[in-house]
Every structure is written in C-alpha cells, then in structure tokens.
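upload.tsv (TSV, C-alpha atoms) appears below.
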```tsv
chain	number	residue	atom	x	y	z
A	27	MET	CA	99.95	122.07	177.93
A	28	GLN	CA	103.27	121.38	179.59
A	29	ILE	CA	106.40	122.93	178.08
A	30	ARG	CA	109.99	122.08	178.85
A	31	LEU	CA	112.55	124.70	177.82
A	32	GLU	CA	115.98	123.32	176.95
A	33	PRO	CA	118.84	123.68	177.71
A	34	GLN	CA	117.60	125.56	180.80
A	35	GLY	CA	115.49	122.58	181.92
A	36	LYS	CA	112.71	125.01	182.90
A	37	GLN	CA	109.09	123.74	183.08
A	38	LEU	CA	106.18	125.96	182.06
A	39	ALA	CA	102.45	125.51	181.52
A	40	LEU	CA	100.04	127.16	179.08
A	41	SER	CA	96.32	126.53	179.00
A	42	GLY	CA	94.16	125.68	176.00
A	43	ARG	CA	94.62	124.41	172.49
A	44	ARG	CA	97.10	126.56	170.54
A	45	ARG	CA	99.13	126.66	167.37
A	46	VAL	CA	102.90	126.33	167.75
A	47	GLY	CA	103.45	129.88	166.47
A	48	ASP	CA	101.07	131.20	169.16
A	49	VAL	CA	102.85	129.17	171.84
A	50	LEU	CA	106.17	130.77	170.89
A	51	THR	CA	104.63	134.24	170.86
A	52	ALA	CA	103.15	133.62	174.32
A	53	LEU	CA	106.57	132.57	175.57
A	54	GLY	CA	108.28	135.59	173.97
A	55	ILE	CA	110.50	133.38	171.82
A	56	VAL	CA	111.74	134.67	168.47
A	57	ALA	CA	110.75	132.42	165.55
A	58	GLY	CA	113.57	130.33	164.11
A	59	THR	CA	115.61	130.24	167.31
A	60	VAL	CA	114.18	126.98	168.68
A	61	LEU	CA	113.14	123.48	167.68
A	62	VAL	CA	109.64	122.59	168.85
A	63	ILE	CA	109.39	118.87	169.57
A	64	ARG	CA	106.36	116.70	170.41
A	65	ASP	CA	106.77	112.95	170.91
A	66	ASP	CA	110.14	112.96	169.11
A	67	GLU	CA	108.68	114.81	166.09
A	68	LEU	CA	109.43	118.36	164.96
A	69	LEU	CA	106.49	120.72	164.62
A	70	THR	CA	105.97	123.62	162.22
A	71	ASP	CA	104.36	126.89	163.34
A	72	ASP	CA	100.91	125.99	162.03
A	73	GLU	CA	100.60	122.72	164.02
A	74	LEU	CA	97.95	122.59	166.73
A	75	VAL	CA	98.94	121.49	170.21
A	76	GLU	CA	96.26	120.13	172.53
A	77	ASP	CA	95.88	121.19	176.14
A	78	HIS	CA	96.96	117.77	177.48
A	79	GLU	CA	100.12	117.51	175.37
A	80	THR	CA	103.77	118.13	176.27
A	81	LEU	CA	106.28	120.08	174.19
A	82	GLU	CA	110.03	120.44	174.31
A	83	VAL	CA	111.22	123.85	173.12
A	84	ARG	CA	114.93	123.50	172.44
A	85	ALA	CA	117.15	126.54	171.76
A	86	VAL	CA	119.46	126.23	168.76
A	87	VAL	CA	121.98	128.94	169.69
A	88	SER	CA	125.55	127.97	170.45
A	89	GLY	CA	128.94	129.59	170.63
A	90	GLY	CA	130.55	132.24	172.72
A	91	SER	CA	133.74	133.47	171.13
A	92	ARG	CA	134.39	137.14	171.43
B	5	MET	CA	102.23	123.10	155.58
B	6	LYS	CA	103.44	121.01	152.65
B	7	CYS	CA	106.91	119.93	151.58
B	8	ARG	CA	108.27	122.08	148.75
B	9	ARG	CA	109.83	119.07	146.99
B	10	CYS	CA	107.31	116.24	147.36
B	11	THR	CA	104.15	118.01	148.69
B	12	SER	CA	103.76	115.55	151.58
B	13	LYS	CA	103.22	116.93	155.10
B	14	ALA	CA	106.12	119.18	156.12
B	15	THR	CA	107.86	118.89	159.49
B	16	VAL	CA	110.45	121.64	159.01
B	17	GLN	CA	109.84	125.26	158.13
B	18	VAL	CA	112.88	127.17	156.78
B	19	ARG	CA	111.82	130.81	156.89
B	20	SER	CA	114.99	132.19	155.30
B	21	HIS	CA	114.22	130.16	152.14
B	22	ASN	CA	110.44	130.66	152.42
B	23	ALA	CA	110.12	126.87	152.26
B	24	ALA	CA	109.04	123.82	154.24
B	25	TYR	CA	110.17	120.21	153.91
B	26	CYS	CA	109.34	116.71	155.09
B	27	LYS	CA	112.09	114.80	156.89
B	28	PRO	CA	113.68	112.96	153.93
B	29	CYS	CA	113.56	116.05	151.71
B	30	PHE	CA	115.08	118.29	154.40
B	31	VAL	CA	117.95	115.85	154.94
B	32	PHE	CA	118.51	115.69	151.17
B	33	VAL	CA	118.39	119.48	150.73
B	34	PHE	CA	120.71	120.06	153.70
B	35	GLN	CA	123.32	117.58	152.46
B	36	ARG	CA	123.11	118.90	148.91
B	37	GLY	CA	123.52	122.48	150.19
B	38	VAL	CA	126.68	121.57	152.10
B	39	GLU	CA	128.07	119.71	149.09
B	40	ARG	CA	127.38	122.71	146.85
B	41	SER	CA	129.19	125.03	149.28
B	42	ILE	CA	132.19	122.68	149.27
B	43	GLU	CA	132.26	122.55	145.48
B	44	ARG	CA	131.47	126.23	144.86
B	45	GLU	CA	134.26	127.39	147.16
B	46	ARG	CA	136.62	124.53	146.13
B	47	MET	CA	137.08	123.60	149.77
B	48	PHE	CA	138.35	120.05	149.19
B	49	THR	CA	137.91	116.98	147.05
B	50	ARG	CA	137.21	113.33	147.85
B	51	ASP	CA	140.93	112.60	147.33
B	52	GLU	CA	142.00	114.83	150.22
B	53	ARG	CA	142.10	113.89	153.91
B	54	VAL	CA	139.89	116.16	155.97
B	55	LEU	CA	140.29	116.67	159.71
B	56	VAL	CA	136.93	117.68	161.20
B	57	ALA	CA	137.06	119.61	164.48
B	58	VAL	CA	134.24	118.18	166.59
B	59	SER	CA	133.01	119.51	169.91
B	60	GLY	CA	129.98	117.29	170.59
B	61	GLY	CA	127.67	120.14	169.56
B	62	LYS	CA	125.07	120.10	166.79
B	63	ASP	CA	127.08	121.92	164.15
B	64	SER	CA	130.30	119.94	164.19
B	65	LEU	CA	128.55	116.57	164.50
B	66	ALA	CA	126.08	117.50	161.73
B	67	LEU	CA	129.03	118.53	159.57
B	68	TRP	CA	130.91	115.29	160.21
B	69	ASP	CA	127.76	113.29	159.51
B	70	VAL	CA	127.19	115.06	156.17
B	71	LEU	CA	130.81	114.72	155.06
B	72	ALA	CA	130.85	111.01	155.92
B	73	GLU	CA	127.52	110.49	154.12
B	74	LEU	CA	128.86	112.30	151.05
B	75	GLY	CA	131.89	110.02	150.96
B	76	TYR	CA	134.65	112.42	151.99
B	77	ALA	CA	137.75	111.02	153.74
B	78	THR	CA	137.29	112.37	157.25
B	79	GLU	CA	138.78	111.97	160.71
B	80	GLY	CA	137.43	113.73	163.76
B	81	LEU	CA	139.46	115.78	166.21
B	82	TYR	CA	138.07	116.34	169.69
B	83	LEU	CA	139.81	118.74	172.07
B	84	GLY	CA	139.23	118.11	175.78
B	85	LEU	CA	139.16	121.70	177.07
B	86	GLY	CA	138.96	120.77	180.75
B	87	ILE	CA	135.65	122.58	181.35
B	88	GLY	CA	134.31	120.24	184.05
B	89	ASP	CA	131.09	118.28	183.39
B	90	TYR	CA	130.52	120.15	180.13
B	91	SER	CA	133.73	118.76	178.63
B	92	GLY	CA	132.93	115.31	180.04
B	93	ALA	CA	129.51	115.23	178.34
B	94	SER	CA	130.91	116.66	175.09
B	95	HIS	CA	133.61	114.00	174.95
B	96	GLU	CA	131.17	111.21	175.70
B	97	LYS	CA	128.74	112.26	172.95
B	98	THR	CA	131.52	112.73	170.41
B	99	GLU	CA	132.98	109.28	171.16
B	100	ALA	CA	129.51	107.71	170.92
B	101	PHE	CA	128.86	109.42	167.57
B	102	ALA	CA	132.18	108.22	166.09
B	103	ARG	CA	131.79	104.69	167.46
B	104	ALA	CA	128.24	104.29	166.11
B	105	ARG	CA	129.35	105.29	162.61
B	106	GLY	CA	132.75	103.60	162.65
B	107	LEU	CA	134.52	106.93	162.08
B	108	PRO	CA	138.09	107.55	163.28
B	109	LEU	CA	138.43	110.07	166.13
B	110	ARG	CA	141.55	111.72	167.52
B	111	VAL	CA	141.34	113.02	171.08
B	112	VAL	CA	143.64	115.70	172.50
B	113	ARG	CA	143.20	116.54	176.19
B	114	LEU	CA	144.67	119.97	176.78
B	115	GLU	CA	145.61	119.20	180.37
B	116	GLU	CA	147.70	116.21	179.21
B	117	GLU	CA	149.65	118.20	176.61
B	118	ASP	CA	153.08	119.81	177.22
B	119	ALA	CA	151.59	123.06	178.52
B	120	GLY	CA	149.36	121.07	180.90
B	121	LEU	CA	146.68	123.75	180.89
B	122	GLY	CA	142.92	123.58	180.46
B	123	VAL	CA	140.80	126.56	179.44
B	124	PRO	CA	139.48	127.48	182.94
B	125	GLU	CA	143.00	127.59	184.37
B	126	VAL	CA	144.28	129.85	181.60
B	127	ALA	CA	141.25	132.15	181.88
B	128	SER	CA	141.60	132.50	185.64
B	129	PHE	CA	145.37	133.11	185.70
B	130	THR	CA	145.37	135.58	182.81
B	131	ARG	CA	142.09	137.26	183.74
B	132	ARG	CA	141.07	136.98	180.10
B	133	GLN	CA	137.56	136.16	178.99
B	134	PRO	CA	137.38	132.35	178.84
B	135	CYS	CA	136.14	132.48	175.21
B	136	ALA	CA	139.20	134.50	174.15
B	137	ALA	CA	141.63	132.10	175.86
B	138	CYS	CA	139.68	129.14	174.49
B	139	GLY	CA	139.87	130.47	170.92
B	140	THR	CA	143.64	130.92	171.06
B	141	MET	CA	144.16	127.48	172.56
B	142	LYS	CA	141.84	125.72	170.13
B	143	ARG	CA	143.46	127.32	167.09
B	144	HIS	CA	146.90	126.18	168.28
B	145	TYR	CA	145.90	122.56	168.89
B	146	PHE	CA	143.78	122.37	165.71
B	147	ASP	CA	146.67	123.69	163.60
B	148	ARG	CA	149.17	121.37	165.22
B	149	ALA	CA	147.01	118.26	164.91
B	150	ALA	CA	146.21	118.99	161.26
B	151	SER	CA	149.86	119.64	160.42
B	152	ASP	CA	151.30	116.70	162.40
B	153	GLY	CA	148.64	114.36	161.01
B	154	GLY	CA	149.42	115.30	157.39
B	155	PHE	CA	145.88	116.43	156.63
B	156	ALA	CA	145.15	118.62	153.61
B	157	VAL	CA	142.25	120.41	155.23
B	158	LEU	CA	140.81	121.36	158.62
B	159	ALA	CA	137.01	121.71	158.61
B	160	THR	CA	135.08	123.43	161.38
B	161	GLY	CA	131.34	123.61	162.06
B	162	HIS	CA	131.00	127.41	161.99
B	163	ASN	CA	127.51	128.13	160.71
B	164	LEU	CA	125.75	131.09	159.08
B	165	ASP	CA	124.80	132.56	162.48
B	166	ASP	CA	128.43	132.39	163.62
B	167	GLU	CA	129.58	134.09	160.43
B	168	ALA	CA	126.89	136.78	160.59
B	169	ALA	CA	127.64	137.53	164.27
B	170	ARG	CA	131.36	137.65	163.57
B	171	LEU	CA	130.81	139.94	160.61
B	172	LEU	CA	128.59	142.25	162.64
B	173	GLY	CA	131.24	142.46	165.38
B	174	ASN	CA	134.01	143.09	162.86
B	175	VAL	CA	132.01	145.82	161.12
B	176	LEU	CA	130.90	147.51	164.34
B	177	HIS	CA	134.54	147.82	165.39
B	178	TRP	CA	135.98	148.12	161.84
B	179	GLN	CA	138.38	145.29	162.42
B	180	LEU	CA	140.05	145.48	159.01
B	181	PRO	CA	142.53	142.58	159.44
B	182	TYR	CA	139.70	140.34	160.66
B	183	LEU	CA	137.44	141.39	157.78
B	184	ALA	CA	140.31	140.50	155.44
B	185	LYS	CA	140.36	136.98	156.84
B	186	GLN	CA	136.62	136.36	157.06
B	187	GLN	CA	136.17	133.80	154.30
B	188	PRO	CA	134.80	130.25	154.13
B	189	VAL	CA	138.18	129.06	152.86
B	190	LEU	CA	141.48	130.22	154.33
B	191	THR	CA	144.49	129.41	152.20
B	192	PRO	CA	147.55	128.43	154.27
B	193	THR	CA	150.05	131.24	154.75
B	194	HIS	CA	152.76	128.99	156.20
B	195	ALA	CA	154.00	125.45	155.50
B	196	ARG	CA	152.73	124.27	158.90
B	197	PHE	CA	149.20	125.55	158.29
B	198	VAL	CA	146.64	123.57	156.35
B	199	ARG	CA	143.64	124.90	154.41
B	200	LYS	CA	140.83	125.85	156.80
B	201	VAL	CA	137.27	125.57	155.62
B	202	ARG	CA	133.75	126.25	156.93
B	203	PRO	CA	131.35	124.12	154.90
B	204	LEU	CA	128.31	125.24	156.96
B	205	TYR	CA	128.87	128.96	156.34
B	206	ARG	CA	125.54	129.25	154.48
B	207	THR	CA	123.64	126.99	156.90
B	208	SER	CA	121.76	128.50	159.83
B	209	GLU	CA	121.90	127.21	163.38
B	210	PHE	CA	118.25	126.29	163.08
B	211	GLU	CA	119.00	124.17	160.01
B	212	SER	CA	121.99	122.38	161.56
B	213	ALA	CA	120.05	121.72	164.79
B	214	THR	CA	117.14	120.40	162.70
B	215	TYR	CA	119.46	118.19	160.66
B	216	ALA	CA	121.12	116.81	163.80
B	217	PHE	CA	117.71	116.10	165.34
B	218	LEU	CA	116.30	114.41	162.23
B	219	ARG	CA	119.44	112.29	161.82
B	220	GLY	CA	119.17	111.11	165.44
B	221	ILE	CA	122.47	112.72	166.43
B	222	ASP	CA	122.74	112.88	170.21
B	223	TYR	CA	124.51	116.22	170.64
B	224	VAL	CA	125.24	118.44	173.64
B	225	VAL	CA	122.27	120.78	173.97
B	226	ALA	CA	123.66	122.60	177.01
B	227	GLU	CA	125.46	125.85	176.42
B	228	CYS	CA	129.11	126.09	177.44
B	229	PRO	CA	129.08	127.45	181.03
B	230	ASN	CA	131.68	130.03	180.01
B	231	ALA	CA	129.62	131.42	177.13
B	232	HIS	CA	127.11	133.28	179.29
B	233	GLY	CA	127.25	136.98	178.45
B	234	ALA	CA	129.67	136.50	175.55
B	235	THR	CA	129.57	139.30	173.00
B	236	GLN	CA	128.91	136.93	170.12
B	237	LEU	CA	125.66	135.83	171.74
B	238	VAL	CA	124.53	139.46	171.98
B	239	TYR	CA	125.16	139.91	168.25
B	240	LYS	CA	123.34	136.67	167.52
B	241	SER	CA	120.32	137.80	169.50
B	242	MET	CA	120.18	141.10	167.57
B	243	LEU	CA	120.48	139.29	164.25
B	244	ASP	CA	117.75	136.83	165.27
B	245	ARG	CA	115.34	139.73	165.75
B	246	LEU	CA	116.17	141.15	162.34
B	247	GLU	CA	115.82	137.72	160.78
B	248	ALA	CA	112.37	137.22	162.32
B	249	VAL	CA	111.12	140.43	160.70
B	250	MET	CA	113.12	140.08	157.46
B	251	PRO	CA	113.81	136.40	156.75
B	252	GLY	CA	117.01	135.88	154.78
B	253	THR	CA	118.82	138.86	156.32
B	254	LYS	CA	121.70	136.81	157.76
B	255	LEU	CA	122.31	134.95	154.52
B	256	THR	CA	122.30	138.16	152.49
B	257	PHE	CA	124.53	139.93	155.02
B	258	VAL	CA	127.20	137.22	154.83
B	259	THR	CA	127.02	136.23	151.17
B	260	GLU	CA	126.91	139.80	149.85
B	261	PHE	CA	129.83	140.72	152.11
B	262	LEU	CA	131.82	137.83	150.66
B	263	LYS	CA	130.88	138.80	147.12
B	264	ARG	CA	131.12	142.58	147.21
B	265	ALA	CA	133.08	143.78	150.21
B	266	GLN	CA	135.50	141.08	151.39
B	267	PRO	CA	137.78	141.39	148.31
B	268	LEU	CA	138.24	145.08	149.15
B	269	PHE	CA	139.56	144.19	152.60
B	270	ALA	CA	141.69	141.26	151.45
B	271	THR	CA	144.74	143.46	150.93
B	272	GLN	CA	145.01	143.91	154.71
B	273	SER	CA	147.44	141.03	155.23
B	274	ASP	CA	149.47	140.18	158.31
B	275	GLY	CA	152.73	139.94	156.39
B	276	ALA	CA	155.03	136.92	156.31
B	277	LEU	CA	154.92	134.49	159.22
B	278	GLY	CA	157.97	132.98	160.89
B	279	GLU	CA	158.19	130.12	163.40
B	280	CYS	CA	157.55	130.40	167.11
B	281	ALA	CA	160.83	130.12	169.02
B	282	ARG	CA	159.15	127.83	171.57
B	283	CYS	CA	156.75	125.51	169.79
B	284	GLY	CA	157.79	125.89	166.14
B	285	MET	CA	154.26	126.71	164.97
B	286	PRO	CA	153.72	129.77	162.73
B	287	ALA	CA	154.05	133.11	164.50
B	288	ALA	CA	153.87	136.76	163.52
B	289	GLY	CA	156.48	137.69	166.16
B	290	GLU	CA	159.14	135.80	168.09
B	291	ILE	CA	156.62	133.58	169.85
B	292	CYS	CA	153.08	132.63	168.87
B	293	GLY	CA	149.88	133.75	170.59
B	294	PHE	CA	149.48	130.40	172.31
B	295	CYS	CA	152.99	130.42	173.81
B	296	ARG	CA	152.48	134.03	174.93
B	297	LEU	CA	149.38	132.85	176.75
B	298	VAL	CA	151.25	129.96	178.40
B	299	SER	CA	154.09	132.32	179.43
B	300	GLU	CA	151.59	134.68	180.98
B	301	VAL	CA	150.05	131.83	182.99
B	302	ASP	CA	153.50	130.70	184.17
B	303	ARG	CA	154.41	134.24	185.23
B	304	ARG	CA	151.17	134.88	187.08
B	305	ARG	CA	151.27	131.47	188.70
B	306	ALA	CA	154.80	132.16	189.99
B	307	GLN	CA	153.64	135.54	191.32
B	308	ALA	CA	150.71	133.87	193.09
B	309	VAL	CA	153.05	131.33	194.73
B	310	ALA	CA	155.46	134.09	195.76
B	311	HIS	CA	152.63	136.04	197.40
B	312	SER	CA	151.14	133.04	199.22
```
Is it possible to express this structure as structure tokens?
Amino acid sequence: MQIRLEPQGKQLALSGRRRVGDVLTALGIVAGTVLVIRDDELLTDDELVEDHETLEVRAVVSGGSR
Amino acid sequence: MKCRRCTSKATVQVRSHNAAYCKPCFVFVFQRGVERSIERERMFTRDERVLVAVSGGKDSLALWDVLAELGYATEGLYLGLGIGDYSGASHEKTEAFARARGLPLRVVRLEEEDAGLGVPEVASFTRRQPCAACGTMKRHYFDRAASDGGFAVLATGHNLDDEAARLLGNVLHWQLPYLAKQQPVLTPTHARFVRKVRPLYRTSEFESATYAFLRGIDYVVAECPNAHGATQLVYKSMLDRLEAVMPGTKLTFVTEFLKRAQPLFATQSDGALGECARCGMPAAGEICGFCRLVSEVDRRRAQAVAHS
C-alpha cells in the first residue's frame, strides 16, 4: 500500500494487507496522534487496508508556544 | 467497531473515552461536549458577543464552527503574523471558511499596524524564540481588538493537549504565577481586558482534527515553520506516549489540576494593573510587554544601522 504522511508530504510504501493499527505500529506512530484517511473517509484501528490501496496519515499536532 | 450511540459502523475511535462513533454521532457528541464546557464554566451566554481568535488551523476553525452551529453571536479575528507563505495560506483558508458560512471576520495585519512589525522581524531583531515573540504580539492585538470592538468575550482554540503541555511545563519549572492563571476562563483584571475563554480545554487535538475533517473544514495542516523544536511540542510528544499507554491521562491531568490544585495557586496574583504609557493597554509596569518588545526592536535596529 502507498502511504502519504502529512504535513511532511512524505511518501512511503508497505506491502501486504494490514489493519490500520498494524500500519501505524510499522510506521512507529503513536496511536491517537494522527488521522488515517482512505478515499476521504476516516478509518479506525481495526479496519483492513488492502495492498493496492492508498492512505493519508495526517498528524494532528499543532502549536509551538514556549 | 460500532458506534456507542447508535451501534452503526464507527468511523472514529476516541481512546480517552473508550468509545467509538459514526460520523453524525461524533459531530453531535463533540458539539454537545463544547456546549457543556461553556455552560459548566459559565464562559458566555447567547446574549454576549464573542470574538473568536482564528488562525486557519483545525482548533480555531472547529471552535468557530461549533459556536456558530450552537447559535452563539460570534465574529472571527484573524491576525496576519507576516510568516511568509504560512501566513498567506492561513489567511486564505480563514477567509474561505468565513465566506462559506457567512460569518463576519476581522483581519489585522501586524505589519500594517502602528508598530509595523511582523513576527519574523521581531524574533530576528530581539533574538527571542519566534514563539515567545509571537505569543506577546498575539496577546496584545487580541486584547486590543476585543476591547476596541466592545466584545464581552475573547475565545481561543486552545485544546486539551495545549493545556496538558502547558501544565506540564508550568509544573516542571514550578511557575507559580502561570499555574495561578491556568484556567479555562480568565476574568478581566482591567477595564480594557475582556473575559478570555478556552471552550476546547477538554477536547483533544485528535478530536478537534477529526471534527474539522468530518465537517469538511479546509484547515492548514502544515505546521508553523517557526514551531520546529519548540518546547511545547516536546511536552506534547511525552504526553502522547503516556496517553497511548494510559488513555485518559491528559484529561485527568488537566481536569484534576483545575479541581484540586489550581485553587491553591490562585492566590499568586500579579497585583493591580495600570495603563501602558505608550499604547494605553493594561501593563504591570510603566510600559506593557508588547511595547517593551517594540522598543527593543527599535533599539537593535538603530544599532544595526549604526554599525553598517
């Protein structure tokens, strides 16, 4: 599957059919810090993603005050 | 995964509440949660004019959307900070949001104001961290716009993650005066201040991003270019790791602080405020923090010219 990380705009690829939670683990992303989007729909951790599909993984963090 | 309210297929998982929701139920629960925070903390009523500080990001636009949907009397305030393309995109998205919903928006471009200074210029001349300069400047222009516009309340989109990170920073450094002021509602301490409220203080970044996405809000996803390496982001990252292992940690940290500890710090007040000799806004000393910043820029700029 193809994965686009936002806001970095970075493209990644993972092989095989996987659950969203496993995709995030493989990418080293902490749960609850991103939105996982497929075809303009949000996905929960238990959703299966097929090898040919594309995901957007969008960080939710903002801010920067000291 | 099934929706907790209607048992249809869930699209959003909210770990901190051990719950999942479908789109309509999540939107309903989010809006109801914000309304309950407003009512519980007596932030404002539907008879009061609320100025909403909007940056083009997910939190402030989600907040404005909720308040407008709930029937509050809102106007938006966008500050053009002068941060290159980032400010350009933020302004564009904020204008588009307001236009699409027919909501009134005030725009203040810092470089066109009397001081004529944007955030990057101030940060470079004073050698301060951009976020610190930005915070001082934003507070000044927010306060002035709210006061000049006759608003009862200024609402900002600070969320649970912001509050938890701020609390962690304040506790790590035992910043007693800051702990005294860390509340979702700040009562004005001067006639030129208005009530300041944070209706999203119990709402996580994940929830506000989800709400913005589900409501079709086109927000700025990019991080501010000046935020890289900011201390608050380090605290947020630490708290995210705790939250992943112990869901609900951030909410408990903030709400229990407000309930049990904050009242103990509340006696640490700044004392009476006077007026800034330059701009007339409230100040603890002869001039306010913003005018001190502007003076510093003027001085350093003059030194730079003298040395060139």
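Between atom CA of B:Glu73 and atom CA of B:Arg40 there is a distance of 14.2 Å.
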Shell around B:Ala149 at 10 Å using all atoms listed in the file, local window under 5 positions removed, as a list of chain:residue names: B:Leu55, B:Leu81, B:Arg110, B:Val111, B:Val112, B:Arg143, B:His144, B:Gly154, B:Phe155, B:Leu158
Residue with smallest distance to chain B - pool A:Asp65, A:Asp77, A:Glu32, A:Asp48, counting only C-alpha atoms: A:Glu32
Please produce, as a Markdown table, a per-residue contact table for chain A versus chain B (criterion: any atom at most 12 Å away, all atoms listed in the file considered), showing the nearest atom pair and its distance in Å to one decimal, sorted by chain then residue number.
```
| residue | atom | partner | partner_atom | distance |
| --- | --- | --- | --- | --- |
| A:Leu31 | CA | B:Val225 | CA | 11.2 |
| A:Glu32 | CA | B:Val225 | CA | 7.4 |
| A:Pro33 | CA | B:Ala226 | CA | 5.0 |
| A:Gln34 | CA | B:Ala226 | CA | 7.7 |
| A:Gly35 | CA | B:Ala226 | CA | 9.5 |
| A:Val46 | CA | B:Gln17 | CA | 11.9 |
| A:Gly47 | CA | B:Gln17 | CA | 11.5 |
| A:Thr51 | CA | B:Ala248 | CA | 11.9 |
| A:Gly54 | CA | B:Arg245 | CA | 11.6 |
| A:Ile55 | CA | B:Arg245 | CA | 10.0 |
| A:Val56 | CA | B:Ala248 | CA | 6.7 |
| A:Ala57 | CA | B:Ala248 | CA | 6.0 |
| A:Gly58 | CA | B:Phe210 | CA | 6.3 |
| A:Thr59 | CA | B:Phe210 | CA | 6.4 |
| A:Val60 | CA | B:Phe210 | CA | 7.0 |
| A:Leu61 | CA | B:Thr214 | CA | 7.1 |
| A:Val62 | CA | B:Val16 | CA | 9.9 |
| A:Ile63 | CA | B:Phe217 | CA | 9.7 |
| A:Arg64 | CA | B:Thr15 | CA | 11.2 |
| A:Asp66 | CA | B:Phe217 | CA | 9.0 |
| A:Glu67 | CA | B:Thr15 | CA | 7.8 |
| A:Leu68 | CA | B:Thr15 | CA | 5.7 |
| A:Leu69 | CA | B:Thr15 | CA | 5.6 |
| A:Thr70 | CA | B:Thr15 | CA | 5.8 |
| A:Asp71 | CA | B:Gln17 | CA | 7.7 |
| A:Asp72 | CA | B:Met5 | CA | 7.2 |
| A:Glu73 | CA | B:Met5 | CA | 8.6 |
| A:Leu74 | CA | B:Met5 | CA | 12.0 |
| A:Val83 | CA | B:Val225 | CA | 11.5 |
| A:Arg84 | CA | B:Val225 | CA | 8.0 |
| A:Ala85 | CA | B:Val225 | CA | 8.0 |
| A:Val86 | CA | B:Phe210 | CA | 5.8 |
| A:Val87 | CA | B:Glu209 | CA | 6.5 |
| A:Ser88 | CA | B:Glu227 | CA | 6.3 |
| A:Gly89 | CA | B:Ala231 | CA | 6.8 |
| A:Gly90 | CA | B:Ala231 | CA | 4.6 |
| A:Ser91 | CA | B:Cys135 | CA | 4.8 |
| A:Arg92 | CA | B:Thr235 | CA | 5.5 |
```
Distance query A:Met27 at most 8 Å, all atoms listed in the file, self and fewer than 4 positions along chain excluded, as a tab-separated table (two decimals) with C-alpha atoms, in the frame of the given file:
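Saved as part_28.tsv:
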```
chain	number	residue	atom	x	y	z
A	39	ALA	CA	102.45	125.51	181.52
A	40	LEU	CA	100.04	127.16	179.08
A	41	SER	CA	96.32	126.53	179.00
A	42	GLY	CA	94.16	125.68	176.00
A	43	ARG	CA	94.62	124.41	172.49
A	75	VAL	CA	98.94	121.49	170.21
A	76	GLU	CA	96.26	120.13	172.53
A	77	ASP	CA	95.88	121.19	176.14
A	78	HIS	CA	96.96	117.77	177.48
A	79	GLU	CA	100.12	117.51	175.37
A	80	THR	CA	103.77	118.13	176.27
A	81	LEU	CA	106.28	120.08	174.19
```
Selection near B:Asp51, 10 Å with all atoms listed in the file, sequence-local residues under 4 positions removed, as a list in words: Tyr76, Ala77 and Ala156 of chain B
Some atoms are missing, so please complete stretch 178-190 of chain B with N, CA and C atoms and return it as a tab-separated table (two decimals), in the frame of the given file.
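Result file is out-v1.tsv:
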```
chain	number	residue	atom	x	y	z
B	178	TRP	N	135.11	147.95	163.01
B	178	TRP	CA	135.98	148.12	161.84
B	178	TRP	C	137.31	147.41	162.02
B	179	GLN	N	137.19	146.13	162.25
B	179	GLN	CA	138.38	145.29	162.42
B	179	GLN	C	138.87	144.87	161.04
B	180	LEU	N	139.66	145.72	160.40
B	180	LEU	CA	140.05	145.48	159.01
B	180	LEU	C	140.82	144.17	158.81
B	181	PRO	N	141.81	143.85	159.67
B	181	PRO	CA	142.53	142.58	159.44
B	181	PRO	C	141.61	141.37	159.59
B	182	TYR	N	140.62	141.47	160.49
B	182	TYR	CA	139.70	140.34	160.66
B	182	TYR	C	138.75	140.24	159.47
B	183	LEU	N	138.30	141.40	158.96
B	183	LEU	CA	137.44	141.39	157.78
B	183	LEU	C	138.18	140.79	156.59
B	184	ALA	N	139.49	141.05	156.54
B	184	ALA	CA	140.31	140.50	155.44
B	184	ALA	C	140.35	138.98	155.48
B	185	LYS	N	140.23	138.44	156.70
B	185	LYS	CA	140.36	136.98	156.84
B	185	LYS	C	139.02	136.27	156.97
B	186	GLN	N	137.93	137.02	156.91
B	186	GLN	CA	136.62	136.36	157.06
B	186	GLN	C	136.16	135.78	155.74
B	187	GLN	N	136.52	134.53	155.53
B	187	GLN	CA	136.17	133.80	154.30
B	187	GLN	C	135.88	132.35	154.65
B	188	PRO	N	135.07	131.67	153.84
B	188	PRO	CA	134.80	130.25	154.13
B	188	PRO	C	135.98	129.33	153.87
B	189	VAL	N	136.97	129.84	153.12
B	189	VAL	CA	138.18	129.06	152.86
B	189	VAL	C	139.38	129.94	153.16
B	190	LEU	N	140.25	129.48	154.06
B	190	LEU	CA	141.48	130.22	154.33
B	190	LEU	C	142.66	129.44	153.76
```
